[in-house]
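Structure file start-v8.txt (compact mmCIF, C-alpha atoms) follows.
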```
# COMPACT_ATOMS: atom_id res chain seq x y z
CA MET A 948 37.74 -4.06 58.27
CA THR A 949 39.67 -1.72 55.98
CA HIS A 950 41.58 -0.30 58.94
CA LYS A 951 42.76 -3.78 59.96
CA LEU A 952 43.89 -4.57 56.42
CA LYS A 953 45.80 -1.30 56.19
CA GLN A 954 47.40 -1.84 59.60
CA VAL A 955 48.59 -5.37 58.81
CA LEU A 956 50.09 -4.54 55.42
CA GLU A 957 51.74 -1.32 56.57
CA GLU A 958 53.21 -3.03 59.62
CA ILE A 959 54.77 -5.70 57.40
CA THR A 960 56.18 -3.06 55.06
CA TYR A 961 57.27 -0.34 57.45
CA GLY A 962 57.49 -2.09 60.83
CA LYS A 963 60.82 -2.39 62.57
CA ALA A 964 62.93 -5.22 61.28
CA PRO A 965 66.64 -6.03 61.30
CA GLY A 966 68.72 -4.74 58.43
CA PRO A 967 68.48 -1.67 56.21
CA SER A 968 65.26 0.13 55.31
CA PRO A 969 63.21 -1.71 52.67
CA THR A 970 63.71 -0.81 49.01
CA PHE A 971 60.14 -1.82 48.19
CA THR A 972 56.74 -0.30 48.90
CA ILE A 973 53.47 -1.60 50.26
CA PHE A 974 52.29 -1.84 46.65
CA HIS A 975 55.05 -4.31 45.81
CA LEU A 976 53.80 -6.34 48.77
CA ILE A 977 50.22 -6.24 47.49
CA ARG A 978 51.33 -7.20 43.98
CA ALA A 979 53.37 -10.09 45.38
CA MET A 980 50.35 -11.44 47.25
CA GLU A 981 48.24 -11.06 44.11
CA LEU A 982 50.69 -13.15 42.08
CA ILE A 983 51.07 -15.78 44.80
CA ALA A 984 47.27 -16.01 45.16
CA ARG A 985 47.01 -17.08 41.53
CA LYS A 986 49.50 -19.96 41.71
CA PRO A 987 52.76 -20.94 43.47
CA VAL A 988 55.57 -18.69 42.29
CA GLY A 989 59.32 -18.68 42.85
CA ARG A 990 61.58 -15.87 43.99
CA SER A 991 63.08 -15.09 40.57
CA LYS A 992 59.70 -14.84 38.88
CA LEU A 993 58.40 -12.60 41.67
CA ALA A 994 61.40 -10.29 41.34
CA GLU A 995 60.85 -10.11 37.58
CA LYS A 996 57.13 -9.35 37.88
CA LEU A 997 57.58 -6.81 40.68
CA LYS A 998 60.51 -5.06 38.97
CA VAL A 999 62.68 -5.24 42.10
CA GLY A 1000 66.16 -6.57 42.83
CA GLU A 1001 67.20 -9.84 44.45
CA GLY A 1002 67.74 -8.26 47.85
CA ALA A 1003 64.34 -6.57 47.89
CA ILE A 1004 62.47 -9.72 46.87
CA ARG A 1005 64.22 -11.72 49.59
CA THR A 1006 63.00 -9.17 52.14
CA VAL A 1007 59.46 -9.18 50.72
CA ILE A 1008 59.27 -12.97 50.95
CA GLU A 1009 60.82 -13.07 54.41
CA ARG A 1010 58.42 -10.48 55.80
CA LEU A 1011 55.38 -12.19 54.30
CA ARG A 1012 56.62 -15.52 55.67
CA THR A 1013 57.33 -14.08 59.13
CA ALA A 1014 53.82 -12.58 59.16
CA GLU A 1015 52.55 -16.12 58.38
CA LEU A 1016 50.88 -14.94 55.19
CA ILE A 1017 52.88 -17.21 52.86
CA ALA A 1018 54.70 -20.52 53.03
CA THR A 1019 57.76 -21.38 50.94
CA SER A 1020 58.74 -24.70 49.38
CA LYS A 1021 60.50 -26.05 46.30
CA ALA A 1022 57.28 -25.38 44.37
CA GLY A 1023 57.52 -21.69 45.27
CA CYS A 1024 55.56 -19.34 47.52
CA THR A 1025 51.94 -20.09 48.42
CA LEU A 1026 49.41 -18.26 50.58
CA THR A 1027 48.69 -19.73 54.01
CA ASP A 1028 45.15 -19.83 55.42
CA LYS A 1029 45.92 -16.52 57.12
CA GLY A 1030 47.21 -15.12 53.84
CA ILE A 1031 44.12 -16.28 51.96
CA LYS A 1032 41.88 -14.61 54.54
CA LEU A 1033 43.77 -11.32 54.26
CA TRP A 1034 43.76 -11.48 50.47
CA LYS A 1035 40.00 -12.06 50.42
CA GLU A 1036 39.62 -8.99 52.62
CA TYR A 1037 41.75 -6.97 50.22
CA LYS A 1038 39.69 -8.18 47.24
CA SER A 1039 36.44 -7.25 48.99
CA ILE A 1040 37.60 -3.61 48.87
CA PHE A 1041 39.71 -3.48 45.69
CA LYS A 1042 37.35 -5.48 43.52
CA GLU A 1043 38.91 -5.13 40.08
CA LYS A 1044 42.25 -3.99 38.65
CA ILE A 1045 42.69 -4.12 34.89
CA GLU A 1046 44.76 -2.65 32.09
CA ILE A 1047 42.57 -0.49 29.85
CA GLY A 1048 42.94 1.11 26.46
CA LYS A 1049 43.40 4.80 25.80
CA ASN A 1050 40.43 7.09 26.37
CA GLU A 1051 39.71 10.75 27.14
CA LEU A 1052 41.07 10.37 30.69
CA THR A 1053 44.35 8.60 29.92
CA LEU A 1054 47.66 10.43 29.70
CA ALA A 1055 50.20 7.90 28.45
CA GLU A 1056 50.76 4.63 26.60
CA TYR A 1057 49.90 2.34 29.51
CA ASN A 1058 46.81 2.68 31.67
CA PHE A 1059 45.33 0.78 34.60
CA ALA A 1060 41.96 1.15 36.26
CA ILE A 1061 41.09 -0.08 39.73
CA LEU A 1062 37.66 -0.23 41.36
CA VAL A 1063 37.46 0.59 45.07
CA LYS A 1064 34.28 -0.79 46.59
CA ASN A 1065 31.88 1.53 48.44
CA LEU A 1066 34.45 4.23 49.23
CA GLY A 1067 33.36 6.90 46.77
CA HIS A 1068 32.36 9.13 49.69
CA LYS A 1069 36.05 9.35 50.63
CA VAL A 1070 36.88 11.19 47.41
CA THR A 1071 37.03 15.00 47.65
CA SER A 1072 38.68 16.69 44.67
CA GLY A 1073 40.69 13.68 43.47
CA MET A 1074 43.94 15.61 43.93
CA GLU A 1075 45.16 13.35 46.74
CA GLN A 1076 44.74 10.31 44.51
CA ARG A 1077 46.49 12.00 41.59
CA ASP A 1078 49.44 13.04 43.78
CA ALA A 1079 49.80 9.52 45.21
CA ALA A 1080 49.84 8.05 41.70
CA VAL A 1081 52.54 10.51 40.58
CA ILE A 1082 54.71 9.72 43.62
CA ALA A 1083 54.41 6.02 42.69
CA GLY A 1084 55.72 6.74 39.19
CA ALA A 1085 52.59 7.40 37.13
CA LYS A 1086 52.12 10.46 34.95
CA GLY A 1087 48.78 11.12 36.59
CA ALA A 1088 45.45 9.65 37.67
CA THR A 1089 41.78 10.54 37.48
CA THR A 1090 39.26 9.51 40.12
CA VAL A 1091 35.71 8.70 39.05
CA VAL A 1092 32.79 8.08 41.41
CA MET A 1093 29.44 6.34 40.85
CA LYS A 1094 26.78 8.54 42.45
CA LYS A 1095 23.02 8.28 42.00
CA GLY A 1096 23.49 5.95 39.06
CA ARG A 1097 25.92 8.22 37.21
CA LEU A 1098 29.68 8.28 36.81
CA LEU A 1099 31.17 11.67 37.71
CA ILE A 1100 34.51 13.32 38.34
CA PRO A 1101 34.35 15.56 41.44
CA SER A 1102 34.71 19.23 40.55
CA VAL A 1103 35.20 18.37 36.86
CA CYS A 1104 32.10 16.75 35.35
CA LYS A 1105 28.70 15.59 36.58
CA ASP A 1106 28.08 12.97 33.92
CA LEU A 1107 31.03 11.04 32.49
CA SER A 1108 28.85 9.40 29.84
CA LYS A 1109 28.15 12.79 28.26
CA ASP A 1110 31.54 14.46 28.67
CA PHE A 1111 33.88 11.47 28.27
CA PRO A 1112 31.80 8.75 26.57
CA LYS A 1113 34.66 6.39 25.65
CA ALA A 1114 36.04 6.38 29.20
CA ALA A 1115 32.55 5.90 30.63
CA LYS A 1116 31.86 2.94 28.35
CA GLN A 1117 35.16 1.26 29.27
CA ILE A 1118 34.57 1.72 32.99
CA LEU A 1119 30.97 0.51 32.87
CA ASN A 1120 31.74 -2.53 30.72
CA LEU A 1121 35.01 -3.63 32.31
CA LEU A 1122 34.59 -2.69 35.98
CA LYS A 1123 30.81 -2.68 36.44
CA PRO A 1124 30.75 -0.08 39.25
CA GLU A 1125 27.85 0.25 41.66
CA GLU A 1126 26.63 3.09 43.86
CA ASN A 1127 29.40 4.78 45.90
CA ASP A 1128 32.20 2.88 44.16
CA ALA A 1129 35.33 4.82 43.18
CA ILE A 1130 37.37 4.11 40.08
CA ILE A 1131 40.97 5.23 39.63
CA VAL A 1132 42.43 5.50 36.13
CA ALA A 1133 46.24 5.88 36.21
CA SER A 1134 48.60 6.38 33.28
CA ALA A 1135 52.36 5.91 32.80
CA ASP A 1136 55.02 5.18 30.20
CA GLU A 1137 55.57 1.70 31.67
CA PRO A 1138 52.89 -0.87 32.61
CA SER A 1139 54.29 -1.43 36.12
CA LYS A 1140 54.30 2.30 36.89
CA ALA A 1141 50.70 2.65 35.71
CA GLU A 1142 49.69 -0.31 37.87
CA TYR A 1143 51.54 0.88 40.97
CA GLY A 1144 50.15 4.37 40.38
CA ALA A 1145 46.59 3.04 40.37
CA LEU A 1146 47.25 1.04 43.54
CA ALA A 1147 48.83 4.00 45.31
CA ALA A 1148 45.93 6.27 44.40
CA ALA A 1149 43.35 3.72 45.52
CA TRP A 1150 45.19 3.10 48.80
CA THR A 1151 44.61 6.73 49.85
CA LEU A 1152 40.89 5.95 50.14
CA VAL A 1153 41.52 3.35 52.83
CA ASN A 1154 42.87 5.97 55.24
CA ASP A 1155 40.79 6.49 58.37
CA CYS A 1156 37.99 4.22 57.21
```

Conversion result in structure tokens:
Amino acid sequence: MTHKLKQVLEEITYGKAPGPSPTFTIFHLIRAMELIARKPVGRSKLAEKLKVGEGAIRTVIERLRTAELIATSKAGCTLTDKGIKLWKEYKSIFKEKIEIGKNELTLAEYNFAILVKNLGHKVTSGMEQRDAAVIAGAKGATTVVMKKGRLLIPSVCKDLSKDFPKAAKQILNLLKPEENDAIIVASADEPSKAEYGALAAAWTLVNDC
């Protein structure tokens, strides 16, 4: 399931298409689908929310439309039945994504946390997730795993509730993780960079599923 999702979204983003290479990432594509899933949205509003230029948003919309994931009208962009199905698949893996307050794990003014369902076993040291977040513009990211009823950070702490109680409370209350879930907490000086950092870090866990 996760492999199919990854394949479809990466093909839309990186697959061969006429014109220059895209100036957007797969995470802009995911964010666009998230916004469109909520309600019909126009091109200008999408560009504003995604923090991309007019040319990039035209390409995003065209590629989603060509892939038959969205339809366009005067009311704006809406998800097609195919798009709704793919978005439900995405949401079955990436269950929650929220902005959170500062805690012992955060590194900057703006912080996002994302819960990745049942992929905690894919986490090794958390370095891969941190590096992906930094490449996406975040200052850093911490990966937390729910294992045997406890939140832990691989190679760092065995019980988040004892070592980082504020972070543990936020994660438990806001994200409600279950066994083998992974939680990424990403930080940046801008909200969009923190959000894209969290997405980029979480996306690494989908590899080779």

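Closest approach to Phe1041 of chain A from the set A:Ile1130, A:Leu1119, A:Val1091, A:Ala1083 is made by A:Ile1130, with distances taken over only C-alpha atoms.
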
Item to check | Residue neighbourhood Leu1107 of chain A, 12 Å, all atoms listed in the file, exclusion window fewer than 4 positions, as a PyMOL selection string | outcome: chain A and resi 1050-1052+1089-1094+1096-1101+1103+1111-1119

Generate a file of the selected residues that holds C-alpha atoms, formatted as a compact mmCIF listing (two decimals), in the coordinates of the input.
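Saved file selection.txt follows:
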```
# COMPACT_ATOMS: atom_id res chain seq x y z
CA ASN A 1050 40.43 7.09 26.37
CA GLU A 1051 39.71 10.75 27.14
CA LEU A 1052 41.07 10.37 30.69
CA THR A 1089 41.78 10.54 37.48
CA THR A 1090 39.26 9.51 40.12
CA VAL A 1091 35.71 8.70 39.05
CA VAL A 1092 32.79 8.08 41.41
CA MET A 1093 29.44 6.34 40.85
CA LYS A 1094 26.78 8.54 42.45
CA GLY A 1096 23.49 5.95 39.06
CA ARG A 1097 25.92 8.22 37.21
CA LEU A 1098 29.68 8.28 36.81
CA LEU A 1099 31.17 11.67 37.71
CA ILE A 1100 34.51 13.32 38.34
CA PRO A 1101 34.35 15.56 41.44
CA VAL A 1103 35.20 18.37 36.86
CA PHE A 1111 33.88 11.47 28.27
CA PRO A 1112 31.80 8.75 26.57
CA LYS A 1113 34.66 6.39 25.65
CA ALA A 1114 36.04 6.38 29.20
CA ALA A 1115 32.55 5.90 30.63
CA LYS A 1116 31.86 2.94 28.35
CA GLN A 1117 35.16 1.26 29.27
CA ILE A 1118 34.57 1.72 32.99
CA LEU A 1119 30.97 0.51 32.87
```

Checklist entry - Which residues, written as a ChimeraX atom specification, have at least one atom at most 9 Å from Arg990 of chain A, with all atoms listed in the file counted and residues fewer than 6 positions away on the same chain left out? => result /A:1001,1004-1005,1008,1023-1024

Hey, can I get the axis-aligned box for segment 1025-1041 of chain A? All listed atoms, 3 Å padding on each side, centre and edge lengths in Å to one decimal, as AutoDock Vina command-line options.
```
--center_x 44.2 --center_y -11.8 --center_z 51.4 --size_x 21.5 --size_y 22.6 --size_z 17.4
```

Checklist entry - Which is closer to Glu1043 of chain A than all the others in A:Ala1085, A:Lys1095, A:Phe1059, A:Lys996, using only C-alpha atoms? => result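 Under the stated criterion, the closest residue is A:Phe1059.
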
Next on the checklist: Please determine, counting only C-alpha atoms, which residue among A:Leu1122, A:Val999, A:Ala1148, A:Leu952 has the shortest atom-to-atom distance to Ala1080 of chain A.
Outcome noted: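 For Ala1080 of chain A, the nearest of the given residues is A:Ala1148.
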
Checklist entry - Looking at only C-alpha atoms, which of A:Leu1026, A:Ala994, A:Val1007, A:Ala1088 is the one that sits closest to Ala1060 of chain A? => result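 Going through A:Leu1026, A:Ala994, A:Val1007, A:Ala1088 one by one, the smallest distance to Ala1060 of chain A is for A:Ala1088.
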
Next on the checklist: If I take atom CA of Lys1123 of chain A and atom CA of Lys1042 of chain A, how far is one from the other in Å, to one decimal?
Outcome noted: 10.0 Å

Checklist entry - So how many Å separate atom CA of Asn1058 of chain A and atom CA of Thr1071 of chain A, to one decimal? => result 22.4 Å

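Among A:Thr972, A:Thr1019, A:Ser1108, A:Asn1127, the residue with the shortest atom-to-atom distance to Gly1144 of chain A, counting all atoms listed in the file, is A:Thr972.
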
Checklist entry - What gap, in Å, lies between atom CA of Phe971 of chain A and atom CA of Ile959 of chain A? => result 11.3 Å

Checklist entry - Pick the closest to Arg1077 of chain A from A:Ala1133, A:Ile983, A:Ala1003, A:Leu993: which is it, counting all atoms listed in the file? => result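 Checking each of A:Ala1133, A:Ile983, A:Ala1003, A:Leu993 against Arg1077 of chain A, counting all atoms listed in the file, the winner is A:Ala1133.
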
Next on the checklist: Which residues are close to Leu1033 of chain A, i.e. within 10 Å by all atoms listed in the file, leaving aside same-chain residues fewer than 6 positions away? Reply as a list in words.
Outcome noted: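 After dropping sequence-adjacent residues, the list is Lys951, Leu952, Val955, Leu956, Met980, Leu1016, Leu1026, Thr1027 and Ser1039 of chain A.
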